[in-house]
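*Asks:* Following this line is work.cif, made up of mmCIF, N, CA and C atoms:
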data_final
#
loop_
_atom_site.label_atom_id
_atom_site.label_comp_id
_atom_site.auth_asym_id
_atom_site.auth_seq_id
_atom_site.Cartn_x
_atom_site.Cartn_y
_atom_site.Cartn_z
N MET A 25 -109.90 0.32 36.32
CA MET A 25 -109.47 1.53 35.66
C MET A 25 -108.03 1.33 35.21
N ILE A 26 -107.73 1.81 34.02
CA ILE A 26 -106.37 1.75 33.49
C ILE A 26 -106.00 3.11 32.89
N TRP A 27 -104.74 3.28 32.61
CA TRP A 27 -104.22 4.48 31.96
C TRP A 27 -103.73 4.10 30.57
N THR A 28 -104.10 4.88 29.55
CA THR A 28 -103.51 4.73 28.24
C THR A 28 -102.99 6.10 27.80
N ASN A 29 -102.05 6.11 26.91
CA ASN A 29 -101.41 7.36 26.52
C ASN A 29 -101.83 7.81 25.13
N ASP A 30 -102.96 7.33 24.67
CA ASP A 30 -103.45 7.76 23.36
C ASP A 30 -104.32 9.00 23.52
N GLY A 31 -104.21 9.92 22.61
CA GLY A 31 -105.07 11.10 22.67
C GLY A 31 -104.43 12.31 23.28
N GLY A 32 -103.19 12.57 23.00
CA GLY A 32 -102.57 13.81 23.48
C GLY A 32 -101.97 13.68 24.86
N ARG A 33 -102.69 14.10 25.87
CA ARG A 33 -102.15 14.11 27.23
C ARG A 33 -102.44 12.82 28.00
N GLY A 34 -102.93 11.82 27.33
CA GLY A 34 -103.25 10.56 27.99
C GLY A 34 -104.67 10.58 28.53
N ASN A 35 -105.12 9.41 28.94
CA ASN A 35 -106.48 9.30 29.45
C ASN A 35 -106.63 8.09 30.34
N PHE A 36 -107.67 8.14 31.13
CA PHE A 36 -108.09 7.01 31.94
C PHE A 36 -109.18 6.27 31.19
N ARG A 37 -109.23 4.97 31.39
CA ARG A 37 -110.35 4.17 30.90
C ARG A 37 -110.94 3.46 32.11
N ILE A 38 -112.21 3.68 32.33
CA ILE A 38 -112.92 3.06 33.44
C ILE A 38 -113.85 2.01 32.86
N PHE A 39 -113.73 0.78 33.33
CA PHE A 39 -114.56 -0.33 32.87
C PHE A 39 -115.58 -0.64 33.96
N HIS A 40 -116.81 -0.89 33.55
CA HIS A 40 -117.85 -1.20 34.55
C HIS A 40 -118.96 -2.01 33.91
N THR A 41 -119.76 -2.61 34.76
CA THR A 41 -120.93 -3.37 34.33
C THR A 41 -122.14 -2.47 34.37
N GLY A 42 -122.90 -2.47 33.29
CA GLY A 42 -124.11 -1.66 33.24
C GLY A 42 -125.28 -2.38 33.89
N GLU A 43 -126.36 -1.65 34.07
CA GLU A 43 -127.57 -2.24 34.64
C GLU A 43 -128.14 -3.36 33.79
N ASP A 44 -127.74 -3.41 32.52
CA ASP A 44 -128.20 -4.46 31.62
C ASP A 44 -127.25 -5.66 31.57
N GLY A 45 -126.15 -5.62 32.37
CA GLY A 45 -125.18 -6.71 32.40
C GLY A 45 -124.08 -6.59 31.36
N HIS A 46 -124.18 -5.68 30.40
CA HIS A 46 -123.12 -5.47 29.42
C HIS A 46 -121.92 -4.78 30.07
N ILE A 47 -120.73 -4.97 29.48
CA ILE A 47 -119.52 -4.32 29.96
C ILE A 47 -119.33 -3.03 29.17
N TYR A 48 -119.05 -1.94 29.88
CA TYR A 48 -118.88 -0.62 29.27
C TYR A 48 -117.54 -0.04 29.67
N GLN A 49 -117.11 0.97 28.90
CA GLN A 49 -115.93 1.72 29.27
C GLN A 49 -116.20 3.21 29.07
N HIS A 50 -115.57 4.01 29.92
CA HIS A 50 -115.52 5.46 29.75
C HIS A 50 -114.08 5.79 29.41
N ARG A 51 -113.84 6.52 28.35
CA ARG A 51 -112.50 7.02 28.02
C ARG A 51 -112.47 8.47 28.44
N ILE A 52 -111.70 8.77 29.47
CA ILE A 52 -111.71 10.09 30.08
C ILE A 52 -110.41 10.79 29.74
N GLN A 53 -110.50 11.73 28.80
CA GLN A 53 -109.35 12.47 28.31
C GLN A 53 -109.00 13.61 29.26
N LEU A 54 -107.73 13.73 29.62
CA LEU A 54 -107.30 14.87 30.42
C LEU A 54 -107.40 16.15 29.59
N ASN A 55 -107.69 17.27 30.25
CA ASN A 55 -107.79 18.54 29.51
C ASN A 55 -106.40 19.16 29.35
N SER A 56 -106.34 20.33 28.75
CA SER A 56 -105.05 20.96 28.43
C SER A 56 -104.24 21.31 29.67
N SER A 57 -104.87 21.39 30.84
CA SER A 57 -104.16 21.64 32.10
C SER A 57 -103.83 20.34 32.82
N TYR A 58 -103.95 19.23 32.11
CA TYR A 58 -103.70 17.90 32.68
C TYR A 58 -104.65 17.58 33.83
N GLN A 59 -105.85 18.08 33.76
CA GLN A 59 -106.88 17.83 34.76
C GLN A 59 -107.98 16.97 34.15
N LEU A 60 -108.71 16.28 35.01
CA LEU A 60 -109.86 15.53 34.54
C LEU A 60 -110.97 16.48 34.15
N PRO A 61 -111.79 16.12 33.17
CA PRO A 61 -112.89 16.99 32.78
C PRO A 61 -113.94 17.05 33.89
N GLY A 62 -114.78 18.08 33.83
CA GLY A 62 -115.82 18.26 34.83
C GLY A 62 -116.92 17.22 34.75
N THR A 63 -117.18 16.68 33.56
CA THR A 63 -118.22 15.66 33.40
C THR A 63 -117.63 14.47 32.66
N LEU A 64 -118.15 13.29 32.97
CA LEU A 64 -117.70 12.08 32.30
C LEU A 64 -118.30 11.98 30.91
N PRO A 65 -117.54 11.49 29.94
CA PRO A 65 -118.12 11.24 28.62
C PRO A 65 -119.08 10.06 28.70
N ASN A 66 -119.87 9.89 27.67
CA ASN A 66 -120.78 8.75 27.63
C ASN A 66 -120.01 7.45 27.64
N ALA A 67 -120.60 6.44 28.24
CA ALA A 67 -120.00 5.11 28.26
C ALA A 67 -120.16 4.46 26.89
N THR A 68 -119.18 3.64 26.52
CA THR A 68 -119.22 2.89 25.27
C THR A 68 -119.27 1.41 25.60
N GLN A 69 -120.24 0.71 25.04
CA GLN A 69 -120.36 -0.73 25.28
C GLN A 69 -119.26 -1.46 24.52
N LEU A 70 -118.59 -2.41 25.19
CA LEU A 70 -117.61 -3.23 24.50
C LEU A 70 -118.33 -4.10 23.48
N PRO A 71 -117.70 -4.39 22.33
CA PRO A 71 -118.37 -5.13 21.26
C PRO A 71 -118.57 -6.60 21.60
N GLY A 72 -119.44 -7.23 20.85
CA GLY A 72 -119.62 -8.67 20.96
C GLY A 72 -120.72 -9.09 21.91
N ASP A 73 -121.56 -8.17 22.37
CA ASP A 73 -122.68 -8.49 23.26
C ASP A 73 -122.21 -9.24 24.51
N ILE A 74 -121.03 -8.86 25.03
CA ILE A 74 -120.51 -9.53 26.22
C ILE A 74 -121.28 -9.07 27.45
N ARG A 75 -121.51 -10.01 28.37
CA ARG A 75 -122.30 -9.72 29.56
C ARG A 75 -121.76 -10.46 30.77
N THR A 76 -122.08 -9.91 31.92
CA THR A 76 -121.84 -10.57 33.20
C THR A 76 -123.07 -10.32 34.05
N ASN A 77 -123.07 -10.80 35.28
CA ASN A 77 -124.18 -10.50 36.18
C ASN A 77 -124.15 -9.03 36.54
N THR A 78 -125.29 -8.44 36.72
CA THR A 78 -125.34 -7.00 36.97
C THR A 78 -124.66 -6.60 38.27
N ASN A 79 -124.43 -7.55 39.17
CA ASN A 79 -123.74 -7.24 40.43
C ASN A 79 -122.25 -7.58 40.39
N GLN A 80 -121.72 -7.95 39.23
CA GLN A 80 -120.30 -8.30 39.09
C GLN A 80 -119.53 -7.19 38.39
N PRO A 81 -118.46 -6.69 39.00
CA PRO A 81 -117.63 -5.72 38.28
C PRO A 81 -116.73 -6.44 37.27
N SER A 82 -116.18 -5.67 36.38
CA SER A 82 -115.21 -6.20 35.42
C SER A 82 -113.83 -5.69 35.81
N ALA A 83 -112.82 -6.17 35.12
CA ALA A 83 -111.45 -5.76 35.39
C ALA A 83 -110.77 -5.46 34.05
N ALA A 84 -109.60 -4.85 34.10
CA ALA A 84 -108.83 -4.59 32.88
C ALA A 84 -107.36 -4.45 33.23
N ALA A 85 -106.51 -4.78 32.27
CA ALA A 85 -105.07 -4.59 32.41
C ALA A 85 -104.58 -3.79 31.20
N ALA A 86 -103.75 -2.79 31.46
CA ALA A 86 -103.13 -2.01 30.40
C ALA A 86 -101.96 -2.80 29.84
N LEU A 87 -101.80 -2.76 28.52
CA LEU A 87 -100.73 -3.47 27.83
C LEU A 87 -99.92 -2.47 27.01
N PRO A 88 -98.77 -2.85 26.51
CA PRO A 88 -97.93 -1.92 25.74
C PRO A 88 -98.67 -1.35 24.53
N GLY A 89 -98.25 -0.16 24.12
CA GLY A 89 -98.78 0.46 22.92
C GLY A 89 -100.23 0.89 23.04
N ASN A 90 -100.70 1.14 24.26
CA ASN A 90 -102.07 1.57 24.54
C ASN A 90 -103.11 0.49 24.29
N SER A 91 -102.69 -0.75 24.15
CA SER A 91 -103.61 -1.86 24.06
C SER A 91 -104.07 -2.21 25.47
N TYR A 92 -105.13 -3.01 25.58
CA TYR A 92 -105.60 -3.42 26.90
C TYR A 92 -106.41 -4.70 26.79
N MET A 93 -106.69 -5.29 27.96
CA MET A 93 -107.42 -6.53 28.02
C MET A 93 -108.42 -6.48 29.18
N PRO A 94 -109.71 -6.38 28.89
CA PRO A 94 -110.71 -6.49 29.96
C PRO A 94 -111.00 -7.96 30.28
N ALA A 95 -111.54 -8.20 31.46
CA ALA A 95 -111.93 -9.55 31.87
C ALA A 95 -113.21 -9.45 32.70
N TRP A 96 -114.01 -10.51 32.68
CA TRP A 96 -115.28 -10.51 33.39
C TRP A 96 -115.74 -11.95 33.61
N ASN A 97 -116.64 -12.14 34.56
CA ASN A 97 -117.25 -13.44 34.79
C ASN A 97 -118.37 -13.64 33.78
N ALA A 98 -118.57 -14.89 33.36
CA ALA A 98 -119.69 -15.19 32.47
C ALA A 98 -121.00 -14.88 33.18
N GLN A 99 -122.03 -14.63 32.41
CA GLN A 99 -123.32 -14.30 32.99
C GLN A 99 -124.03 -15.54 33.54
N THR A 100 -123.78 -16.71 32.96
CA THR A 100 -124.54 -17.90 33.33
C THR A 100 -123.69 -19.03 33.89
N SER A 101 -122.39 -18.78 34.12
CA SER A 101 -121.52 -19.83 34.67
C SER A 101 -120.40 -19.18 35.46
N ASP A 102 -119.49 -19.99 35.99
CA ASP A 102 -118.33 -19.48 36.74
C ASP A 102 -117.12 -19.21 35.85
N GLU A 103 -117.27 -19.31 34.54
CA GLU A 103 -116.14 -19.09 33.63
C GLU A 103 -115.72 -17.62 33.65
N ILE A 104 -114.43 -17.42 33.41
CA ILE A 104 -113.89 -16.06 33.26
C ILE A 104 -113.58 -15.85 31.79
N TRP A 105 -114.04 -14.73 31.27
CA TRP A 105 -113.86 -14.38 29.86
C TRP A 105 -112.94 -13.18 29.73
N THR A 106 -112.34 -13.04 28.56
CA THR A 106 -111.49 -11.89 28.28
C THR A 106 -111.52 -11.59 26.79
N MET A 107 -111.04 -10.42 26.44
CA MET A 107 -110.84 -10.06 25.03
C MET A 107 -109.65 -9.12 24.97
N TYR A 108 -109.03 -9.04 23.81
CA TYR A 108 -107.86 -8.20 23.63
C TYR A 108 -108.20 -7.05 22.72
N TYR A 109 -107.81 -5.84 23.11
CA TYR A 109 -107.95 -4.67 22.25
C TYR A 109 -106.56 -4.29 21.76
N ASP A 110 -106.37 -4.31 20.43
CA ASP A 110 -105.10 -3.96 19.80
C ASP A 110 -105.20 -2.50 19.37
N ALA A 111 -104.57 -1.60 20.11
CA ALA A 111 -104.66 -0.17 19.82
C ALA A 111 -104.03 0.19 18.48
N ALA A 112 -103.00 -0.53 18.06
CA ALA A 112 -102.34 -0.22 16.78
C ALA A 112 -103.28 -0.37 15.60
N THR A 113 -104.19 -1.32 15.69
CA THR A 113 -105.15 -1.55 14.60
C THR A 113 -106.57 -1.16 14.98
N THR A 114 -106.75 -0.64 16.21
CA THR A 114 -108.07 -0.30 16.78
C THR A 114 -109.06 -1.45 16.61
N THR A 115 -108.58 -2.66 16.94
CA THR A 115 -109.38 -3.87 16.76
C THR A 115 -109.60 -4.57 18.09
N PHE A 116 -110.85 -4.94 18.36
CA PHE A 116 -111.15 -5.84 19.46
C PHE A 116 -111.15 -7.25 18.90
N TYR A 117 -110.38 -8.14 19.52
CA TYR A 117 -110.40 -9.54 19.12
C TYR A 117 -111.62 -10.19 19.78
N PRO A 118 -112.11 -11.30 19.25
CA PRO A 118 -113.30 -11.93 19.83
C PRO A 118 -113.07 -12.35 21.29
N ALA A 119 -114.13 -12.25 22.07
CA ALA A 119 -114.07 -12.68 23.47
C ALA A 119 -113.83 -14.19 23.53
N GLN A 120 -113.10 -14.62 24.56
CA GLN A 120 -112.84 -16.04 24.73
C GLN A 120 -112.73 -16.39 26.20
N VAL A 121 -112.99 -17.64 26.50
CA VAL A 121 -112.88 -18.15 27.87
C VAL A 121 -111.41 -18.28 28.23
N VAL A 122 -111.03 -17.89 29.44
CA VAL A 122 -109.67 -18.10 29.93
C VAL A 122 -109.58 -19.57 30.35
N PRO A 123 -108.69 -20.36 29.74
CA PRO A 123 -108.61 -21.79 30.08
C PRO A 123 -108.34 -22.01 31.55
N ASN A 124 -109.07 -22.94 32.13
CA ASN A 124 -108.92 -23.36 33.53
C ASN A 124 -109.21 -22.26 34.54
N ALA A 125 -109.89 -21.21 34.14
CA ALA A 125 -110.21 -20.11 35.06
C ALA A 125 -111.70 -20.12 35.39
N ARG A 126 -111.99 -20.25 36.65
CA ARG A 126 -113.37 -20.22 37.12
C ARG A 126 -113.40 -19.45 38.43
N GLY A 127 -114.50 -18.81 38.69
CA GLY A 127 -114.64 -18.12 39.96
C GLY A 127 -116.02 -17.50 40.09
N GLN A 128 -116.49 -17.40 41.32
CA GLN A 128 -117.78 -16.77 41.57
C GLN A 128 -117.61 -15.30 41.93
N ASP A 129 -116.37 -14.90 42.15
CA ASP A 129 -116.08 -13.50 42.44
C ASP A 129 -115.59 -12.83 41.17
N ALA A 130 -115.67 -11.52 41.15
CA ALA A 130 -115.19 -10.78 39.99
C ALA A 130 -113.70 -11.02 39.80
N PRO A 131 -113.25 -11.15 38.56
CA PRO A 131 -111.83 -11.40 38.32
C PRO A 131 -111.00 -10.14 38.48
N SER A 132 -109.73 -10.34 38.73
CA SER A 132 -108.76 -9.26 38.62
C SER A 132 -107.65 -9.80 37.73
N LEU A 133 -106.91 -8.91 37.10
CA LEU A 133 -105.83 -9.37 36.25
C LEU A 133 -104.71 -8.36 36.24
N ALA A 134 -103.54 -8.86 35.93
CA ALA A 134 -102.34 -8.02 35.83
C ALA A 134 -101.48 -8.58 34.72
N ALA A 135 -100.63 -7.72 34.18
CA ALA A 135 -99.76 -8.13 33.09
C ALA A 135 -98.35 -7.66 33.36
N GLN A 136 -97.38 -8.48 32.98
CA GLN A 136 -96.00 -8.04 32.92
C GLN A 136 -95.52 -8.36 31.53
N VAL A 137 -95.03 -7.36 30.85
CA VAL A 137 -94.63 -7.56 29.46
C VAL A 137 -93.20 -7.11 29.26
N ASP A 138 -92.57 -7.68 28.27
CA ASP A 138 -91.19 -7.36 27.94
C ASP A 138 -91.15 -6.01 27.23
N ASP A 139 -90.60 -5.00 27.91
CA ASP A 139 -90.50 -3.68 27.31
C ASP A 139 -89.07 -3.36 26.87
N GLY A 140 -88.18 -4.35 26.97
CA GLY A 140 -86.80 -4.16 26.56
C GLY A 140 -85.90 -3.64 27.66
N ASP A 141 -86.47 -3.14 28.76
CA ASP A 141 -85.67 -2.60 29.85
C ASP A 141 -85.65 -3.49 31.09
N ASP A 142 -86.47 -4.51 31.11
CA ASP A 142 -86.58 -5.37 32.27
C ASP A 142 -85.43 -6.38 32.27
N PRO A 143 -84.68 -6.51 33.39
CA PRO A 143 -83.59 -7.47 33.40
C PRO A 143 -84.06 -8.93 33.34
N ALA A 144 -85.32 -9.16 33.70
CA ALA A 144 -85.88 -10.51 33.62
C ALA A 144 -87.21 -10.43 32.88
N PRO A 145 -87.20 -10.13 31.58
CA PRO A 145 -88.46 -9.91 30.86
C PRO A 145 -89.27 -11.20 30.69
N TRP A 146 -90.55 -11.04 30.71
CA TRP A 146 -91.46 -12.15 30.42
C TRP A 146 -92.80 -11.58 30.01
N ASN A 147 -93.54 -12.34 29.25
CA ASN A 147 -94.85 -11.92 28.77
C ASN A 147 -95.90 -12.85 29.35
N ARG A 148 -96.63 -12.34 30.32
CA ARG A 148 -97.62 -13.16 30.99
C ARG A 148 -98.80 -12.32 31.42
N MET A 149 -99.96 -12.97 31.49
CA MET A 149 -101.16 -12.39 32.10
C MET A 149 -101.47 -13.24 33.31
N GLY A 150 -101.87 -12.62 34.38
CA GLY A 150 -102.30 -13.34 35.56
C GLY A 150 -103.74 -12.97 35.87
N PHE A 151 -104.60 -13.97 36.03
CA PHE A 151 -105.99 -13.75 36.36
C PHE A 151 -106.23 -14.29 37.76
N GLN A 152 -107.06 -13.62 38.52
CA GLN A 152 -107.43 -14.11 39.83
C GLN A 152 -108.91 -13.91 40.03
N SER A 153 -109.55 -14.93 40.57
CA SER A 153 -110.95 -14.84 40.97
C SER A 153 -111.07 -15.58 42.28
N GLY A 154 -111.48 -14.88 43.32
CA GLY A 154 -111.52 -15.50 44.63
C GLY A 154 -110.11 -15.78 45.09
N HIS A 155 -109.83 -17.02 45.45
CA HIS A 155 -108.51 -17.39 45.97
C HIS A 155 -107.65 -18.11 44.95
N ARG A 156 -108.11 -18.24 43.72
CA ARG A 156 -107.38 -19.02 42.72
C ARG A 156 -106.69 -18.08 41.73
N VAL A 157 -105.43 -18.34 41.46
CA VAL A 157 -104.66 -17.54 40.51
C VAL A 157 -104.34 -18.39 39.30
N ILE A 158 -104.56 -17.85 38.12
CA ILE A 158 -104.26 -18.53 36.88
C ILE A 158 -103.20 -17.74 36.15
N ASP A 159 -102.07 -18.35 35.88
CA ASP A 159 -100.96 -17.68 35.20
C ASP A 159 -100.99 -18.13 33.74
N THR A 160 -101.10 -17.19 32.83
CA THR A 160 -101.27 -17.51 31.43
C THR A 160 -100.20 -16.84 30.59
N ALA A 161 -99.45 -17.61 29.84
CA ALA A 161 -98.49 -17.01 28.91
C ALA A 161 -99.25 -16.40 27.76
N ARG A 162 -98.82 -15.24 27.31
CA ARG A 162 -99.47 -14.58 26.16
C ARG A 162 -98.45 -14.30 25.11
#
Using C-alpha cells, write down the structure that the file contains.
*Replies:*
Amino acid sequence: MIWTNDGGRGNFRIFHTGEDGHIYQHRIQLNSSYQLPGTLPNATQLPGDIRTNTNQPSAAAALPGNSYMPAWNAQTSDEIWTMYYDAATTTFYPAQVVPNARGQDAPSLAAQVDDGDDPAPWNRMGFQSGHRVIDTAR
C-alpha cells in the first residue's frame, strides 16, 4: 500500500495479486471529511498482462509527483519484475526484469529520492526478496 496526493484530499493505493495471478490496484480516495469510503472501489488490473503466482503478494514504492513503482515475482521463475508509473503523463512504462534480482519470496522495495531538502540526496531503489538486497540507481 502506498499514499499518493492526486485527487483532492489524497488517496491510498493498495496493490494485490488476483486469483488469476494478475497484479491489481485499488485507488481509495478519501472523502470530504478525510475519511476512507465505506466500500472499496473496483480493482484495476495493471497493464501489460503482468502476472505472478496466485500465492505471491506484490509490492510498491511511492515516488515524487504521485508516481509509483510496483514490483512482483515472475510467474514462472525467480526473477523480480517492476514497472514505472509516471503520474505527470499518466503513463505506465513497460514491465522489465530487475537486473541481478531473484527470489522465491515476494519482493519488497523502497525508494529514496532527491527532493531538494535532503542534506545527502540520492536517487535509488532498493529491492529485497528473502535475504538478498539489490540496490539499484534510478
*Asks:* What does the distance between CA of Gln99 in chain A and CA of Ala84 in chain A come to in Å, to one decimal place?
*Replies:*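 So the answer is 17.4 Å.
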*Asks:* Env of Asn77 in chain A: 12 Å cut, atoms = only C-alpha atoms, seq-sep filter 3 positions within chain, self excluded. Answer as a list of chain:residue names.
*Replies:*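 Here the qualifying residues turn out to be A:His40, A:Thr41, A:Gly42, A:Glu43, A:Asp44, A:Gly45, A:His46, A:Ile47, A:Ile74, A:Gln80, A:Pro81, A:Ser82, A:Trp96, A:Asn97, A:Ala98, A:Gln99, A:Thr100, A:Ser101, A:Asp102, A:Gln128, A:Asp129, A:Ala130.
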*Asks:* At what distance in Å, to one decimal, does atom N of Arg37 in chain A lie from atom C of Gln59 in chain A?
*Replies:* 12.4 Å
*Asks:* Just checking: using all atoms listed in the file, which residue out of A:Ser132, A:Thr115, A:Asn29, A:Asn35 ends up closest to Ala85 in chain A?
*Replies:* A:Ser132
*Asks:* Measuring between only C-alpha atoms, which one of A:Met25, A:Ala95, A:Leu87, A:Ala134 shows the shortest distance to Ala111 in chain A?
*Replies:*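 Selected residue with least distance to Ala111 in chain A: A:Leu87.
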*Asks:* To verify the selection step, state as a compact mmCIF listing (two decimals) with N, CA and C atoms, in the frame of the given file which residues the PyMOL selection byres ((chain A and resi 54) around 8) yields on this input.
*Replies:*
# COMPACT_ATOMS: atom_id res chain seq x y z
N GLY A 31 -104.21 9.92 22.61
CA GLY A 31 -105.07 11.10 22.67
C GLY A 31 -104.43 12.31 23.28
N GLY A 32 -103.19 12.57 23.00
CA GLY A 32 -102.57 13.81 23.48
C GLY A 32 -101.97 13.68 24.86
N ARG A 33 -102.69 14.10 25.87
CA ARG A 33 -102.15 14.11 27.23
C ARG A 33 -102.44 12.82 28.00
N GLY A 34 -102.93 11.82 27.33
CA GLY A 34 -103.25 10.56 27.99
C GLY A 34 -104.67 10.58 28.53
N ASN A 35 -105.12 9.41 28.94
CA ASN A 35 -106.48 9.30 29.45
C ASN A 35 -106.63 8.09 30.34
N PHE A 36 -107.67 8.14 31.13
CA PHE A 36 -108.09 7.01 31.94
C PHE A 36 -109.18 6.27 31.19
N ARG A 51 -113.84 6.52 28.35
CA ARG A 51 -112.50 7.02 28.02
C ARG A 51 -112.47 8.47 28.44
N ILE A 52 -111.70 8.77 29.47
CA ILE A 52 -111.71 10.09 30.08
C ILE A 52 -110.41 10.79 29.74
N GLN A 53 -110.50 11.73 28.80
CA GLN A 53 -109.35 12.47 28.31
C GLN A 53 -109.00 13.61 29.26
N ASN A 55 -107.69 17.27 30.25
CA ASN A 55 -107.79 18.54 29.51
C ASN A 55 -106.40 19.16 29.35
N SER A 56 -106.34 20.33 28.75
CA SER A 56 -105.05 20.96 28.43
C SER A 56 -104.24 21.31 29.67
N SER A 57 -104.87 21.39 30.84
CA SER A 57 -104.16 21.64 32.10
C SER A 57 -103.83 20.34 32.82
N TYR A 58 -103.95 19.23 32.11
CA TYR A 58 -103.70 17.90 32.68
C TYR A 58 -104.65 17.58 33.83
N GLN A 59 -105.85 18.08 33.76
CA GLN A 59 -106.88 17.83 34.76
C GLN A 59 -107.98 16.97 34.15
N LEU A 60 -108.71 16.28 35.01
CA LEU A 60 -109.86 15.53 34.54
C LEU A 60 -110.97 16.48 34.15
N PRO A 61 -111.79 16.12 33.17
CA PRO A 61 -112.89 16.99 32.78
C PRO A 61 -113.94 17.05 33.89
*Asks:* For a quick check of understanding, using all atoms listed in the file, which of A:Ala67, A:Thr113, A:Phe39, A:Glu103 has the smallest distance to Ala125 in chain A?
*Replies:* A:Glu103
*Asks:* Rounded to one decimal place, report the CA of Ile104 in chain A-CA of Ala86 in chain A distance in Å.
*Replies:*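 Result for CA of Ile104 in chain A versus CA of Ala86 in chain A: 17.9 Å, one decimal.
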*Asks:* Name the residues that the PyMOL selection byres ((chain A and resi 112) around 8) picks from the file above, as a list of chain:residue names, using the file's chain letters and numbers.
*Replies:*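 After applying the PyMOL selection byres ((chain A and resi 112) around 8), what remains is A:Pro88, A:Gly89, A:Asn90, A:Ser91, A:Tyr109, A:Asp110, A:Ala111, A:Thr113, A:Thr114, A:Thr115.
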*Asks:* Of the residues A:Pro71, A:Ile26, A:Tyr108, A:Pro123, which is the one nearest to His50 in chain A, using only C-alpha atoms?
*Replies:* A:Ile26
*Asks:* Between A:Gln49, A:Thr78, A:Asn66, A:Gln120, single out the one closest to Met107 in chain A, counting all atoms listed in the file.
*Replies:*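 Ranking A:Gln49, A:Thr78, A:Asn66, A:Gln120 by distance to Met107 in chain A, first place goes to A:Gln120.
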*Asks:* Find the residues near Ala119 in chain A: any atom within 6 Å, counting only N, CA and C atoms, skip ones fewer than 2 places away on the same chain, and give them as a list in words.
*Replies:*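 With the cut-off at 6 Å, the set is Thr106, Met107, Tyr117 and Val121 of chain A.
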*Asks:* Centre and edge lengths of an axis-aligned box around all listed atoms of range 60-75 of chain A, with 8 Å added on each side, are to be given in Å to one decimal, as JSON.
*Replies:*
{"center_x": -115.7, "center_y": 3.9, "center_z": 27.9, "size_x": 30.0, "size_y": 44.7, "size_z": 30.2}
